[in-house]
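Accompanying notes for the structure given below.
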Amino acid sequence: MKALRWHGVKDLRLENIDEPRPAEGKVKIKVEWCGICGSDLHEYTAGPIFIPAQAPHPLTGEQAPVVMGHEFSGQVVEVGEGVTRFQAGDRVVVEPIYACGHCEACKQGKYNLCDQMGFLGLAGGGGGFSEYVTAEEYMVHAIPDSISYEQGALVEPSAVALHAVRQSKLKVGDTAAVFGAGPIGLLVIEALKASGASDIYVVELSEERKAKAEELGAIVIDPTQYNVVEEIHRRTQGGVNVAYEVTGVPPVLQQAIDSTRIGGELMIVSIFEQAAPILPNSIVMKERTVNGIIGYRDVFPAVISLMDKGFFPADKLVTKRISLDEVVDQGFEALLKEKNQVKILVKAE
């Protein structure tokens, strides 16, 4: 089958590899759509970050080259021995986190913080940029007929956004600021709407992404037109309750902290490729809190339920659909060069 494998920085190769068979406890899925994630892009431009390049991953036993893609939907075509929850024909998405089950985080049920945590599609085990993939039964979630396969490919990134909001101090009626209106930033807007935020401010440069944020109901602030911190404080009479940093751009981190009110909170959602200096006094003197999240846990069912009610709409978030043969030039490179792109989905065929 065809599969996209990471060999190194700017070295992704569409190769022919063996089609996987479902071992005991695993589900074989024909991939329908797979989204290109910001994490995938980071691996392409500056990896390895999550990809095991120097030694095999402790949980998968694999190292580069590995098949990429962890935001995907598909249909079950075969199940391994012992699988009871799924059968051929089921429509599914995959929660692609590997966890050891034994470390302190896993004992606390915080499997996304596992000492050896990895992602299917980054740490080995196959990936969604292929025709078929196998996944452990516990990773697989059914989706109803009301949710399209395209919509299903957004469940994984939407889970990141919902987890970020759930882990924050946001309460119904609170104000929020989202720094960055890329795919995850736009999904954070949706998660904030679902969680009862009142005014949602978005800081973004791209005209296309600003338009998307406004379409989702956010109040856009252009950093080329305003002093962002002063403008947010002016409009909110003292700053937002919670800010979400979703750019990964070092100078933005301090702005996001400063945009919050006394006792406010910053949630870091981004993965940073380099150090981001901050002034600790800006936290101390206003008794602010800085928190962060990685991935998600125990939110896929809630995301699927919210999607069934119309949240996280694919028709407003997906800007391009391509084939697996086009994934590098029209996918990864397009995201680097075309600032109007938000979410690109890849058809696995």
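Residues in the structure tokens are numbered from 1 in each chain, the chains being A, B, ... in the order shown, and ligands are numbered from 1 in the order shown.
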Using only C-alpha atoms, what table do you get, as a tab-separated table, when you list each residue of segment 34-140 of chain A with an atom no more than 7 Å from segment 17-30 of chain A, its nearest pair of atoms, and their distance in Å rounded to one decimal, rows by chain then rising number?
```
residue	atom	partner	partner_atom	distance
A:Gly74	CA	A:Lys30	CA	5.4
A:Gln75	CA	A:Lys30	CA	5.3
A:Val76	CA	A:Ile29	CA	4.4
A:Val77	CA	A:Ile29	CA	5.6
A:Glu78	CA	A:Lys28	CA	5.1
A:Val79	CA	A:Val27	CA	4.6
A:Gly80	CA	A:Glu24	CA	4.7
A:Glu81	CA	A:Glu24	CA	4.6
A:Gly82	CA	A:Gly25	CA	5.4
A:Val83	CA	A:Gly25	CA	5.2
A:Glu131	CA	A:Lys30	CA	6.1
A:Tyr132	CA	A:Lys30	CA	4.6
A:Val133	CA	A:Ile29	CA	5.4
A:Thr134	CA	A:Lys28	CA	4.3
A:Ala135	CA	A:Lys26	CA	5.3
A:Glu136	CA	A:Lys26	CA	4.4
A:Glu137	CA	A:Lys26	CA	5.3
```
Skipping near chain neighbours, those fewer than 4 positions away, what residues fall within 7 Å of segment 5-10 of chain A using only C-alpha atoms, listed as JSON, numbers by chain? {"A": [14, 43, 44, 45, 46, 47, 64, 65, 66, 67, 68]}
Write the residues you've just listed into a file as a CSV table (one decimal), in the first residue's frame, and include N, CA and C atoms for each of them.
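Dumped everything to result_14.csv:
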```
chain,number,residue,atom,x,y,z
A,14,LEU,N,6.7,9.2,-0.2
A,14,LEU,CA,5.5,8.4,-0.4
A,14,LEU,C,6.0,7.0,-0.9
A,43,GLU,N,7.4,18.5,12.6
A,43,GLU,CA,8.4,17.4,12.3
A,43,GLU,C,9.0,17.6,10.9
A,44,TYR,N,8.2,18.1,10.0
A,44,TYR,CA,8.7,18.3,8.6
A,44,TYR,C,9.8,19.4,8.5
A,45,THR,N,9.6,20.5,9.3
A,45,THR,CA,10.5,21.6,9.2
A,45,THR,C,11.6,21.6,10.2
A,46,ALA,N,11.4,21.0,11.4
A,46,ALA,CA,12.4,21.1,12.5
A,46,ALA,C,12.5,19.8,13.3
A,47,GLY,N,12.0,18.7,12.8
A,47,GLY,CA,12.0,17.4,13.6
A,47,GLY,C,13.5,16.9,13.7
A,64,ALA,N,12.5,6.0,13.1
A,64,ALA,CA,12.4,6.5,11.7
A,64,ALA,C,13.1,5.5,10.8
A,65,PRO,N,12.5,5.4,9.5
A,65,PRO,CA,11.4,6.1,9.0
A,65,PRO,C,10.1,5.5,9.5
A,66,VAL,N,9.1,6.4,9.8
A,66,VAL,CA,7.8,6.0,10.3
A,66,VAL,C,6.7,6.6,9.5
A,67,VAL,N,5.6,6.0,9.4
A,67,VAL,CA,4.4,6.5,8.7
A,67,VAL,C,3.8,7.6,9.5
A,68,MET,N,3.5,8.7,8.9
A,68,MET,CA,2.9,9.9,9.6
A,68,MET,C,1.4,9.9,9.5
```
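Using only C-alpha atoms, the smallest distance between any of A:Leu335, A:Val269, A:Val240, A:Met139 and Arg85 of chain A comes from A:Met139.
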Just the number, please: distance in Å from atom CA of Leu253 of chain A to atom CA of Gly295 of chain A, one decimal.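 Between these atoms lies a distance of 19.2 Å.
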Any chance you could list, as a ChimeraX atom specification, the residues in segment 130-219 of chain A that come up helix (DSSP H, G or I) when DSSP is run on the backbone? /A:137-139,149-152,155-167,183-194,207-215
Same residues, C-alpha atoms, saved as an mmCIF file, in the first residue's frame:
```cif
data_model
loop_
_atom_site.group_PDB
_atom_site.id
_atom_site.type_symbol
_atom_site.label_atom_id
_atom_site.label_comp_id
_atom_site.auth_asym_id
_atom_site.auth_seq_id
_atom_site.Cartn_x
_atom_site.Cartn_y
_atom_site.Cartn_z
ATOM 1 C CA GLU A 137 -9.119 -1.462 20.159
ATOM 2 C CA TYR A 138 -8.968 0.937 23.115
ATOM 3 C CA MET A 139 -7.857 3.741 20.758
ATOM 4 C CA TYR A 149 -15.647 11.119 7.399
ATOM 5 C CA GLU A 150 -14.317 14.615 6.676
ATOM 6 C CA GLN A 151 -15.817 15.838 9.939
ATOM 7 C CA GLY A 152 -14.414 12.778 11.666
ATOM 8 C CA VAL A 155 -12.133 14.916 16.013
ATOM 9 C CA GLU A 156 -8.477 14.578 17.055
ATOM 10 C CA PRO A 157 -7.485 18.256 16.709
ATOM 11 C CA SER A 158 -10.820 19.307 18.209
ATOM 12 C CA ALA A 159 -9.975 17.150 21.224
ATOM 13 C CA VAL A 160 -6.807 19.225 21.746
ATOM 14 C CA ALA A 161 -8.904 22.398 21.768
ATOM 15 C CA LEU A 162 -11.578 21.043 24.085
ATOM 16 C CA HIS A 163 -8.979 19.668 26.486
ATOM 17 C CA ALA A 164 -7.265 23.076 26.580
ATOM 18 C CA VAL A 165 -10.508 24.795 27.552
ATOM 19 C CA ARG A 166 -11.505 22.093 30.024
ATOM 20 C CA GLN A 167 -8.146 22.291 31.796
ATOM 21 C CA PRO A 183 -6.434 25.234 12.862
ATOM 22 C CA ILE A 184 -6.141 24.653 16.617
ATOM 23 C CA GLY A 185 -6.823 28.308 17.433
ATOM 24 C CA LEU A 186 -10.051 28.204 15.417
ATOM 25 C CA LEU A 187 -11.041 24.972 17.148
ATOM 26 C CA VAL A 188 -10.338 26.625 20.523
ATOM 27 C CA ILE A 189 -12.896 29.278 19.530
ATOM 28 C CA GLU A 190 -15.443 26.512 18.992
ATOM 29 C CA ALA A 191 -14.529 24.859 22.301
ATOM 30 C CA LEU A 192 -14.913 28.209 24.063
ATOM 31 C CA LYS A 193 -18.344 28.726 22.493
ATOM 32 C CA ALA A 194 -19.397 25.246 23.598
ATOM 33 C CA GLU A 207 -6.557 38.135 6.494
ATOM 34 C CA GLU A 208 -7.990 34.732 5.606
ATOM 35 C CA ARG A 209 -7.666 33.403 9.135
ATOM 36 C CA LYS A 210 -9.107 36.589 10.593
ATOM 37 C CA ALA A 211 -12.118 36.088 8.336
ATOM 38 C CA LYS A 212 -12.478 32.488 9.537
ATOM 39 C CA ALA A 213 -12.327 33.602 13.176
ATOM 40 C CA GLU A 214 -14.995 36.232 12.573
ATOM 41 C CA GLU A 215 -17.141 33.664 10.775
#
```
What's around segment 111-113 of chain A at 12 Å? Count only C-alpha atoms, leave out sequence neighbours fewer than 4 positions away in its own chain, and write the answer as a ChimeraX atom specification. /A:95-107,117-119,160,163,292-299
Considering only C-alpha atoms, can you say which of A:Val229, A:Ile278, A:Ala348, A:Leu306 comes closest to Ser73 of chain A? A:Ala348
So, counting only C-alpha atoms, which residue among A:Pro251, A:Gly264, A:Gly125, A:Pro301 is closest to Gln63 of chain A?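 Closest candidate: A:Gly125.
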Please report the interatomic distance between atom CA of Val252 of chain A and atom CA of Lys339 of chain A in Å with one decimal.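 Separating atom CA of Val252 of chain A from atom CA of Lys339 of chain A is a distance of 18.4 Å.
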Using only C-alpha atoms for the distances, tell me which of A:Leu120, A:Ile219, A:Val140, A:Val249 is nearest to Phe300 of chain A.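 Ranked by minimum distance to Phe300 of chain A, first place goes to A:Val140.
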Do a neighbour search on Ile257 of chain A at 10 Å with only C-alpha atoms, toss out local chain neighbours closer than 4 positions, and write the hits as a PyMOL selection string. chain A and resi 229+239+242-245+252-253+261+264-268+278-280+282-283+288-290
Tell me, in Å to one decimal, how far atom CA of Leu205 of chain A is from atom CA of Tyr226 of chain A. 11.4 Å
Applying 7 Å and only C-alpha atoms, which residues near Ala176 of chain A remain after dropping the ones on its own chain fewer than 2 positions away? List them as an mmCIF file with C-alpha atoms, in the first residue's frame.
```
data_model
loop_
_atom_site.group_PDB
_atom_site.id
_atom_site.type_symbol
_atom_site.label_atom_id
_atom_site.label_comp_id
_atom_site.auth_asym_id
_atom_site.auth_seq_id
_atom_site.Cartn_x
_atom_site.Cartn_y
_atom_site.Cartn_z
ATOM 1 C CA ASP A 174 -15.970 34.547 31.149
ATOM 2 C CA VAL A 178 -6.973 33.264 21.560
ATOM 3 C CA ALA A 197 -17.484 31.914 27.033
ATOM 4 C CA ASP A 199 -16.616 37.553 24.359
ATOM 5 C CA ILE A 200 -13.841 35.701 22.535
ATOM 6 C CA TYR A 201 -10.996 37.878 21.216
ATOM 7 C CA VAL A 240 -9.571 38.602 29.794
ATOM 8 C CA ASN A 241 -10.163 35.821 32.295
ATOM 9 C CA VAL A 242 -8.197 33.290 30.260
ATOM 10 C CA ALA A 243 -5.842 33.591 27.288
#
```
